[in-house]
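For reference, the structure is listed below as structure tokens.
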Amino acid sequence: MSINYDHLLNIWTKGLNQEQALLEIYRRVRDIPYQFTATRDVETLLKTNSGTCTAKHILFSEMVHRLGYNTRFIVDEMDLSDLLQGLNREDAVVKNLFQLASDLDNYFHTYTQIMIDSRWVSVDLSFDSTLAPYGFKVSRWDGKNDTGLIHIPIKTYVVEDRPDELKTQMLIDESEENRQLRKMFFNKLNEYMISLRNFPI
């Protein structure tokens with residue numbers, strides 16, 4: 001489908017001033033359920049109401065551009081176990097996820113930086129708020145300062161264009177064994193997050 005970002009912006013932010021609109025876009029995109037999928041495109045994100053960090057941050061950037069803000073993408077190399085920090089390690093599923101993560105190569109995480117008051121502010125809106133009670137690092141944002149990240153950066157890349165293309169290139173030499181193990185990790189993580197959303201505490 002062809003995305004009409006201006007129409008979506010009008011629906012989400014009608015009657016709001018610029019600062020209010022910025023926070024409303026942040027809230028709406030953050031609370032699209034995080035799910036690792038085979039694609040990182042915004043069309044799939046909006047169609048399925050779920051998607052990856054890359055798709056969510058591309059959508060966020062497209063929307064806030066229309067409010068007059070400059071943005072850029074950051075892609076960080078990271079340890080996949082960072083996604084699990086804060087979770088209950090006594091839970092059998094979480095234990096298994098940590099074990100899988102310990103056997104995986106480092107991966108890559110996308111977030112957005114937005115220019116506010118002549119400085120770059122980091123916004124990481126990957127995890128949706130329904131996951132907060134379980135220990136996932138769900139961000140809160142005041143519209144002015146860094147949100148904090150869901151990971152510890154190992155190596156950082158500043159991306160002015162498409163983060164999905166860079167991530168694809170970074171994974172081109174990934175071994176088939178790691179690819180299959182990574183797929184298993186994310187499938188189990190997806191299933192775990194879905195179960196938490198379906199049976200909230």
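Chain lettering (A, B, ...) mirrors the order of the structure tokens, residue numbering begins at 1 for each chain separately, and ligand numbering begins at 1 in order of display.
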Non-local contacts of A:Glu43 (12 Å; only C-alpha atoms; under 6 positions in same chain excluded) as a ChimeraX atom specification: /A:1-5,49-52,55-56,58-59
Limited to N, CA and C atoms, could you put the picked residues into a file as a PDB file, in the first residue's frame?
ATOM      1  N   MET A   1       0.842  -1.187   0.000  1.00  0.00           N
ATOM      2  CA  MET A   1       0.000   0.000   0.000  1.00  0.00           C
ATOM      3  C   MET A   1       0.877   1.237   0.000  1.00  0.00           C
ATOM      4  N   SER A   2       0.316   2.329  -0.488  1.00  0.00           N
ATOM      5  CA  SER A   2       1.019   3.598  -0.471  1.00  0.00           C
ATOM      6  C   SER A   2       0.623   4.356   0.793  1.00  0.00           C
ATOM      7  N   ILE A   3       1.609   4.773   1.569  1.00  0.00           N
ATOM      8  CA  ILE A   3       1.331   5.417   2.854  1.00  0.00           C
ATOM      9  C   ILE A   3       1.131   6.912   2.657  1.00  0.00           C
ATOM     10  N   ASN A   4       0.003   7.416   3.108  1.00  0.00           N
ATOM     11  CA  ASN A   4      -0.257   8.848   3.090  1.00  0.00           C
ATOM     12  C   ASN A   4       0.093   9.394   4.475  1.00  0.00           C
ATOM     13  N   TYR A   5       1.366   9.768   4.642  1.00  0.00           N
ATOM     14  CA  TYR A   5       1.828  10.223   5.954  1.00  0.00           C
ATOM     15  C   TYR A   5       1.129  11.499   6.402  1.00  0.00           C
ATOM     16  N   ASN A  49      -0.055  -3.903  12.465  1.00  0.00           N
ATOM     17  CA  ASN A  49       0.030  -3.258  13.782  1.00  0.00           C
ATOM     18  C   ASN A  49       1.080  -3.940  14.654  1.00  0.00           C
ATOM     19  N   SER A  50       2.214  -4.250  14.064  1.00  0.00           N
ATOM     20  CA  SER A  50       3.353  -4.801  14.792  1.00  0.00           C
ATOM     21  C   SER A  50       4.572  -4.707  13.891  1.00  0.00           C
ATOM     22  N   GLY A  51       5.756  -4.612  14.526  1.00  0.00           N
ATOM     23  CA  GLY A  51       6.943  -4.542  13.700  1.00  0.00           C
ATOM     24  C   GLY A  51       8.209  -4.346  14.489  1.00  0.00           C
ATOM     25  N   THR A  52       9.307  -4.237  13.762  1.00  0.00           N
ATOM     26  CA  THR A  52      10.641  -4.182  14.333  1.00  0.00           C
ATOM     27  C   THR A  52      11.014  -2.769  14.772  1.00  0.00           C
ATOM     28  N   ALA A  55      11.426  -0.517  11.558  1.00  0.00           N
ATOM     29  CA  ALA A  55      10.176  -0.024  10.973  1.00  0.00           C
ATOM     30  C   ALA A  55       9.534   1.044  11.848  1.00  0.00           C
ATOM     31  N   LYS A  56       9.544   0.837  13.164  1.00  0.00           N
ATOM     32  CA  LYS A  56       8.931   1.809  14.073  1.00  0.00           C
ATOM     33  C   LYS A  56       9.665   3.143  14.035  1.00  0.00           C
ATOM     34  N   ILE A  58      11.572   4.292  11.524  1.00  0.00           N
ATOM     35  CA  ILE A  58      11.360   4.928  10.215  1.00  0.00           C
ATOM     36  C   ILE A  58      10.022   5.664  10.214  1.00  0.00           C
ATOM     37  N   LEU A  59       8.969   5.025  10.725  1.00  0.00           N
ATOM     38  CA  LEU A  59       7.663   5.673  10.801  1.00  0.00           C
ATOM     39  C   LEU A  59       7.731   6.927  11.664  1.00  0.00           C
TER      40      LEU A  59
END
Based on the backbone DSSP call, show me all residues of chain A assigned strand (DSSP E), as a PyMOL selection string. chain A and resi 71-78+107-116+119-123+155-159
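Among the candidates A:Arg140, A:His7, A:Arg28, A:Arg72, the one nearest to A:Ile114 when counting only C-alpha atoms is A:Arg72.
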Selection: 12 Å around A:Ser118, only C-alpha atoms, excl. self and same-chain fewer than 2 positions, as a list in words: Tyr69, Asn70, Thr71, Gln113, Ile114, Met115, Ile116, Trp120, Val121 and Lys144 of chain A
Would you put the residues from that selection into a file with N, CA and C atoms, as an mmCIF file, in the first residue's frame?
data_model
loop_
_atom_site.group_PDB
_atom_site.id
_atom_site.type_symbol
_atom_site.label_atom_id
_atom_site.label_comp_id
_atom_site.auth_asym_id
_atom_site.auth_seq_id
_atom_site.Cartn_x
_atom_site.Cartn_y
_atom_site.Cartn_z
ATOM 1 N N TYR A 69 10.846 18.831 12.185
ATOM 2 C CA TYR A 69 12.056 18.414 12.898
ATOM 3 C C TYR A 69 13.023 17.677 11.966
ATOM 4 N N ASN A 70 14.306 17.844 12.209
ATOM 5 C CA ASN A 70 15.335 17.060 11.529
ATOM 6 C C ASN A 70 15.629 15.806 12.339
ATOM 7 N N THR A 71 15.822 14.694 11.654
ATOM 8 C CA THR A 71 16.143 13.443 12.330
ATOM 9 C C THR A 71 17.250 12.715 11.588
ATOM 10 N N GLN A 113 17.541 9.757 16.308
ATOM 11 C CA GLN A 113 17.940 10.991 16.967
ATOM 12 C C GLN A 113 17.211 12.143 16.294
ATOM 13 N N ILE A 114 16.697 13.050 17.110
ATOM 14 C CA ILE A 114 15.926 14.185 16.618
ATOM 15 C C ILE A 114 16.579 15.470 17.116
ATOM 16 N N MET A 115 16.670 16.455 16.222
ATOM 17 C CA MET A 115 17.287 17.726 16.582
ATOM 18 C C MET A 115 16.294 18.594 17.359
ATOM 19 N N ILE A 116 16.631 18.863 18.614
ATOM 20 C CA ILE A 116 15.794 19.696 19.473
ATOM 21 C C ILE A 116 16.698 20.708 20.174
ATOM 22 N N TRP A 120 21.293 16.903 19.251
ATOM 23 C CA TRP A 120 20.689 15.627 18.900
ATOM 24 C C TRP A 120 20.195 14.917 20.165
ATOM 25 N N VAL A 121 18.930 14.551 20.147
ATOM 26 C CA VAL A 121 18.294 13.854 21.270
ATOM 27 C C VAL A 121 17.940 12.438 20.816
ATOM 28 N N LYS A 144 12.128 16.430 25.167
ATOM 29 C CA LYS A 144 13.294 17.318 25.163
ATOM 30 C C LYS A 144 14.614 16.593 25.394
#
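For the choices A:Gly143, A:Gly68, A:Pro33, A:Pro163, the atom-to-atom distance to A:Thr130 is smallest for A:Pro33 when using only C-alpha atoms.
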Which neighbours of A:Leu149 fall inside 10 Å, counting only C-alpha atoms, when residues of the same chain fewer than 6 positions from it are skipped, and could you give them as a ChimeraX atom specification? /A:82,109,111,122-126,137-139
Can I get the selection written as a PDB file, in the first residue's frame, with N, CA and C atoms?
ATOM      1  N   ASP A  82      20.780  -7.939  25.834  1.00  0.00           N
ATOM      2  CA  ASP A  82      20.342  -6.637  26.339  1.00  0.00           C
ATOM      3  C   ASP A  82      18.820  -6.479  26.252  1.00  0.00           C
ATOM      4  N   HIS A 109      20.805  -2.753  16.369  1.00  0.00           N
ATOM      5  CA  HIS A 109      19.566  -2.120  16.830  1.00  0.00           C
ATOM      6  C   HIS A 109      19.468  -0.705  16.282  1.00  0.00           C
ATOM      7  N   TYR A 111      17.600   3.139  16.336  1.00  0.00           N
ATOM      8  CA  TYR A 111      16.762   4.131  17.010  1.00  0.00           C
ATOM      9  C   TYR A 111      16.939   5.469  16.302  1.00  0.00           C
ATOM     10  N   SER A 122      18.361  11.439  21.591  1.00  0.00           N
ATOM     11  CA  SER A 122      18.120  10.031  21.239  1.00  0.00           C
ATOM     12  C   SER A 122      16.737   9.592  21.716  1.00  0.00           C
ATOM     13  N   VAL A 123      15.983   8.993  20.795  1.00  0.00           N
ATOM     14  CA  VAL A 123      14.645   8.487  21.104  1.00  0.00           C
ATOM     15  C   VAL A 123      14.587   7.018  20.702  1.00  0.00           C
ATOM     16  N   ASP A 124      14.408   6.153  21.692  1.00  0.00           N
ATOM     17  CA  ASP A 124      14.284   4.715  21.452  1.00  0.00           C
ATOM     18  C   ASP A 124      12.890   4.293  21.897  1.00  0.00           C
ATOM     19  N   LEU A 125      12.025   4.027  20.914  1.00  0.00           N
ATOM     20  CA  LEU A 125      10.628   3.707  21.231  1.00  0.00           C
ATOM     21  C   LEU A 125      10.281   2.271  20.825  1.00  0.00           C
ATOM     22  N   SER A 126      11.240   1.380  20.953  1.00  0.00           N
ATOM     23  CA  SER A 126      11.084   0.019  20.442  1.00  0.00           C
ATOM     24  C   SER A 126       9.993  -0.773  21.150  1.00  0.00           C
ATOM     25  N   LYS A 137      12.402  -2.732  28.878  1.00  0.00           N
ATOM     26  CA  LYS A 137      12.780  -1.318  28.964  1.00  0.00           C
ATOM     27  C   LYS A 137      11.899  -0.474  28.042  1.00  0.00           C
ATOM     28  N   VAL A 138      10.749  -0.112  28.535  1.00  0.00           N
ATOM     29  CA  VAL A 138       9.815   0.734  27.782  1.00  0.00           C
ATOM     30  C   VAL A 138      10.144   2.193  28.090  1.00  0.00           C
ATOM     31  N   SER A 139      10.351   2.978  27.058  1.00  0.00           N
ATOM     32  CA  SER A 139      10.798   4.355  27.258  1.00  0.00           C
ATOM     33  C   SER A 139       9.651   5.281  27.661  1.00  0.00           C
TER      34      SER A 139
END
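Around A:Leu67, within 8 Å and counting only C-alpha atoms, the residues found are Gln18, Ala21, Leu22, Met63, Val64, His65 and Tyr69 of chain A, once anything fewer than 2 positions away on its own chain is removed.
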Can I get the selected residues back with C-alpha atoms, as a tab-separated table (two decimals), in the first residue's frame?
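For reference, again-v2.tsv as written:
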chain	number	residue	atom	x	y	z
A	18	GLN	CA	3.92	21.22	17.62
A	21	ALA	CA	1.97	16.59	18.34
A	22	LEU	CA	5.56	15.40	18.74
A	63	MET	CA	5.99	11.66	10.89
A	64	VAL	CA	8.09	14.13	12.88
A	65	HIS	CA	9.74	15.39	9.68
A	69	TYR	CA	12.06	18.41	12.90
Taking the backbone alone, and naming residues the way the document does, which bits of stretch 104-189 of chain A are helix (DSSP H, G or I) by DSSP, as a ChimeraX atom specification? /A:129-134,163-170,176-189
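In this structure, atom CA of A:Arg30 sits 9.6 Å away from atom CA of A:Cys53.
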Neighbours of A:Arg89 within 12 Å (only C-alpha atoms; same-chain residues fewer than 4 positions away dropped), as a PDB file with C-alpha atoms, in the first residue's frame?
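Listed below is the output, selection_38.pdb:
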ATOM      1  CA  SER A  81      20.773 -10.404  25.786  1.00  0.00           C
ATOM      2  CA  LEU A  84      16.087  -9.285  28.126  1.00  0.00           C
ATOM      3  CA  GLN A  85      17.537  -7.133  30.905  1.00  0.00           C
ATOM      4  CA  VAL A  93      11.106 -19.029  28.890  1.00  0.00           C
ATOM      5  CA  VAL A  94      13.355 -16.137  29.912  1.00  0.00           C
ATOM      6  CA  LYS A  95      16.082 -18.575  30.981  1.00  0.00           C
ATOM      7  CA  ASN A  96      15.913 -20.215  27.576  1.00  0.00           C
ATOM      8  CA  LEU A  97      16.068 -16.845  25.820  1.00  0.00           C
ATOM      9  CA  PHE A  98      19.185 -15.862  27.781  1.00  0.00           C
ATOM     10  CA  GLN A  99      20.798 -19.168  26.854  1.00  0.00           C
ATOM     11  CA  TYR A 134       7.238  -7.455  32.960  1.00  0.00           C
ATOM     12  CA  GLY A 135      10.560  -5.629  33.051  1.00  0.00           C
TER      13      GLY A 135
END
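Checking A:Glu77, A:Glu62, A:Lys155, A:Asp105 one by one against A:Ser175, counting only C-alpha atoms, you find the shortest gap at A:Asp105.
Comparing the minimum interatomic distances between A:Ile25 and each of A:Thr39, A:Gln180, A:Thr48, A:Ser61, counting only C-alpha atoms, we find that A:Ser61 sits nearest.
We find atom CA of A:Leu189 and atom CA of A:Phe36 to be spaced 8.4 Å apart.
The spacing separating atom CA of A:Phe60 from atom CA of A:Arg27 amounts to 9.8 Å.
Residue nearest A:Pro133, chosen from A:Gln35, A:Thr147, A:Asn88, A:Asn17 and counting only C-alpha atoms: A:Asn88.
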Spatial neighbours of A:Asn198, 12 Å, only C-alpha atoms, chain gap at least 4 places, as a PyMOL selection string: chain A and resi 33+130-131+191-194
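Minimum atom-to-atom distances from A:Val42, A:Tyr26, A:Leu196, A:Asp91 to A:Thr112 were compared using only C-alpha atoms, and the lowest value belongs to A:Tyr26.
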